[in-house]
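S.K.: Once you've had a glance at the structure underneath, I'll fire off some questions.
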Amino acid sequence: MTCTLFKVGKYYHYRFRLAGGERRQRTTHEINHRRAHAIMAKAYADAVLLAGGLQPIPTLAALIEQWEALRGPNASASHRRGIDVFKRRHLHGLGQLLISELDTDRVEKARSDHLATRKAATANHWLRKLKLLVRWAVKRKIIAALPWDVPMLPFQKTPRVTLPTRSTDDWFAALDKATTRSPSTAIAVRLMYGLGLRESEAATARWEWIDWERRTYTPGITKGKEAVPIPMPRWLLSHLGARRVPQGLIAPGKHGNPLPNGFARYSMQRANAATSLTGITPHRLRGTCATLLSEEGTPIQTLQAVMRHKDPKTTMAYLEVNMEIASRAQDRIEDKIHSGRKIGGARQTGPTDD
């Protein structure tokens with residue numbers, strides 16, 4: 001089947017007929033022959049796909065627009081922000097390419113452009129966003145599989161901080177001092193620390209989701225749409241009990257609206273500075289909650305439910321290694337081995353040979 005490109009006035013038009021007999025004729029709105037020919041070729045390829053029950057292959061920019069229209073309304077606010085930032089700042093020349101053209105060479109070149117001004121860890125985050133979008137197209141059967149094979153970059157990991165228990169009281173005292181004009185912020189931060197809530201979940205937390213009798217809280221707006229009751233610590237129940245009302249936001253912002261994105265950033269930075277801590281962020285408070293529960297013997301399956309993760313590997317990534325626990329375990333093992341025996345007035349340092 002051949003396509004015909006011809007001029008009507010100053011604009012190029014195209015004409016073709018599909019195998020079933022359907023005839024198509026459209027204007028390209030182009031006066032340049034090369035650009036008009038490219039438009040005609042894509043129109044014909046899209047028409048063939050549609051005739052065969054498939055969807056036309058979009059550019060990456062068009063795919064993002066489709067994702068925002070179809071998936072965006074059901075995604076979390078942070079997820080939508082991440083895709084929006086990716087679209088506005090990090091396409092690196094891939095936006096106008098068909099997603100089927102995103103081969104290994106092109107993706108690696110775009111990642112190299114990203115790495116020119118950013119760290120390796122952010123390049124991996126960039127690649128995850130690209131994969132998320134194109135895998136969505138795979139699920140919709142727009143393309144058969146990812147058209148590239150680009151592995152994540154290895155990079156030196158650094159220890160992630162948790163809020164030390166010995167500093168918790170001082171840190172929250174500094175936080176309260178930093179939020180005297182916005183006490184709701186301090187309440188929301190306590191929800192993150194005590195329940196492992198995400199920042200957006202703390203901002204939308206409601207009184208009616210607390211079961212005071214069972215001492216549980218069930219988040220009603222979550223990233224994964226779960227409705228899992230979370231046990232509430234006694235100190236948090238006591239803190240909230242003095243402020244208890246029948247319904248509404250637990251930590252409302254101005255005019256009774258939810259607190260805005262990033263509401264805790266400034267006050268937490270001030271609390272960090274006042275207690276000589278670094279790196280305590282809303283996400284690290286969530287990690288602190290998971291780590292403390294793990295150190296007290298909470299099984300990973302239970303932790304997974306509390307953190308509302310789909311995959312236990314995600315939960316494991318939140319847990320920080322505490323070598324003091326391993327050291328105490330070694331001491332208990334030693335006590336079991338020697339049953340309290342001592343040699344020469346000092347405890348034997350290893351198993352005997354007898």
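By order in the structure tokens, chains are A, B, ...; within a chain, residues start at 1; ligands start at 1, following the order shown.
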Which residues, written as a PDB file with C-alpha atoms, in the first residue's frame, have at least one atom at most 12 Å from Pro233 (chain A), with only C-alpha atoms counted and residues fewer than 4 positions away on the same chain left out?
M.R.:
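Full text of around17.pdb as output:
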```pdb
ATOM      1  CA  ARG A 190       4.576  12.855  66.112  1.00  0.00           C
ATOM      2  CA  LEU A 191       2.208  10.841  63.928  1.00  0.00           C
ATOM      3  CA  TYR A 193       7.359   9.031  64.375  1.00  0.00           C
ATOM      4  CA  GLY A 194       4.838   7.059  66.413  1.00  0.00           C
ATOM      5  CA  LEU A 195       2.908   5.365  63.600  1.00  0.00           C
ATOM      6  CA  GLY A 196       5.374   5.398  60.701  1.00  0.00           C
ATOM      7  CA  TRP A 212      -9.647   4.614  71.136  1.00  0.00           C
ATOM      8  CA  ARG A 214      -8.708  -0.923  70.588  1.00  0.00           C
ATOM      9  CA  ARG A 215      -5.869   1.619  70.599  1.00  0.00           C
ATOM     10  CA  THR A 216      -5.446   1.527  66.823  1.00  0.00           C
ATOM     11  CA  TYR A 217      -5.306   3.996  63.957  1.00  0.00           C
ATOM     12  CA  LEU A 237      -2.644   8.295  72.672  1.00  0.00           C
ATOM     13  CA  SER A 238      -1.959  10.453  75.722  1.00  0.00           C
ATOM     14  CA  HIS A 239      -0.664  13.318  73.586  1.00  0.00           C
ATOM     15  CA  LEU A 240      -3.687  13.224  71.290  1.00  0.00           C
ATOM     16  CA  CYS A 289       9.663   3.829  63.504  1.00  0.00           C
ATOM     17  CA  LEU A 293       9.916  -1.893  66.137  1.00  0.00           C
TER      18      LEU A 293
END
```
S.K.: Just want the 12 Å neighbourhood of Gly93 (chain A), counted on only C-alpha atoms, with same-chain residues fewer than 5 positions away dropped. Output as a list of chain:residue names.
M.R.: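 Here the qualifying residues turn out to be A:Thr59, A:Leu60, A:Ala61, A:Lys87, A:Arg88, A:Leu98, A:Leu102, A:Arg106, A:Val107, A:Glu108, A:Lys109, A:Ala110, A:Arg111, A:Ser112, A:Asp113, A:His114.
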S.K.: Just checking: using only C-alpha atoms, which residue out of A:Arg89, A:Ile210, A:Leu63, A:Ile57 ends up closest to Leu236 (chain A)?
M.R.: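 Looking only at the distances to Leu236 (chain A), the closest residue turns out to be A:Ile210.
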S.K.: If you count only C-alpha atoms, which residues fall within 7 Å of region 15-26 of chain A, apart from same-chain ones fewer than 2 positions away, as a compact mmCIF listing (two decimals) with N, CA, C and O atoms, in the first residue's frame?
M.R.:
```
# COMPACT_ATOMS: atom_id res chain seq x y z
N THR A 2 0.64 2.17 -0.89
CA THR A 2 1.42 3.40 -0.96
C THR A 2 0.63 4.56 -0.41
O THR A 2 -0.60 4.58 -0.44
N CYS A 3 1.36 5.54 0.10
CA CYS A 3 0.76 6.76 0.60
C CYS A 3 1.09 7.88 -0.38
O CYS A 3 2.18 7.90 -0.97
N THR A 4 0.20 8.79 -0.51
CA THR A 4 0.40 9.90 -1.43
C THR A 4 0.46 11.20 -0.66
O THR A 4 -0.41 11.48 0.19
N LEU A 5 1.50 12.00 -0.93
CA LEU A 5 1.65 13.31 -0.31
C LEU A 5 1.48 14.35 -1.40
O LEU A 5 2.13 14.30 -2.44
N HIS A 13 -0.84 17.66 2.13
CA HIS A 13 -1.87 16.73 2.59
C HIS A 13 -1.39 15.32 2.28
O HIS A 13 -0.49 15.12 1.45
N THR A 28 -1.47 17.92 6.79
CA THR A 28 -0.37 17.85 7.76
C THR A 28 -0.16 19.19 8.47
O THR A 28 0.56 19.26 9.46
```
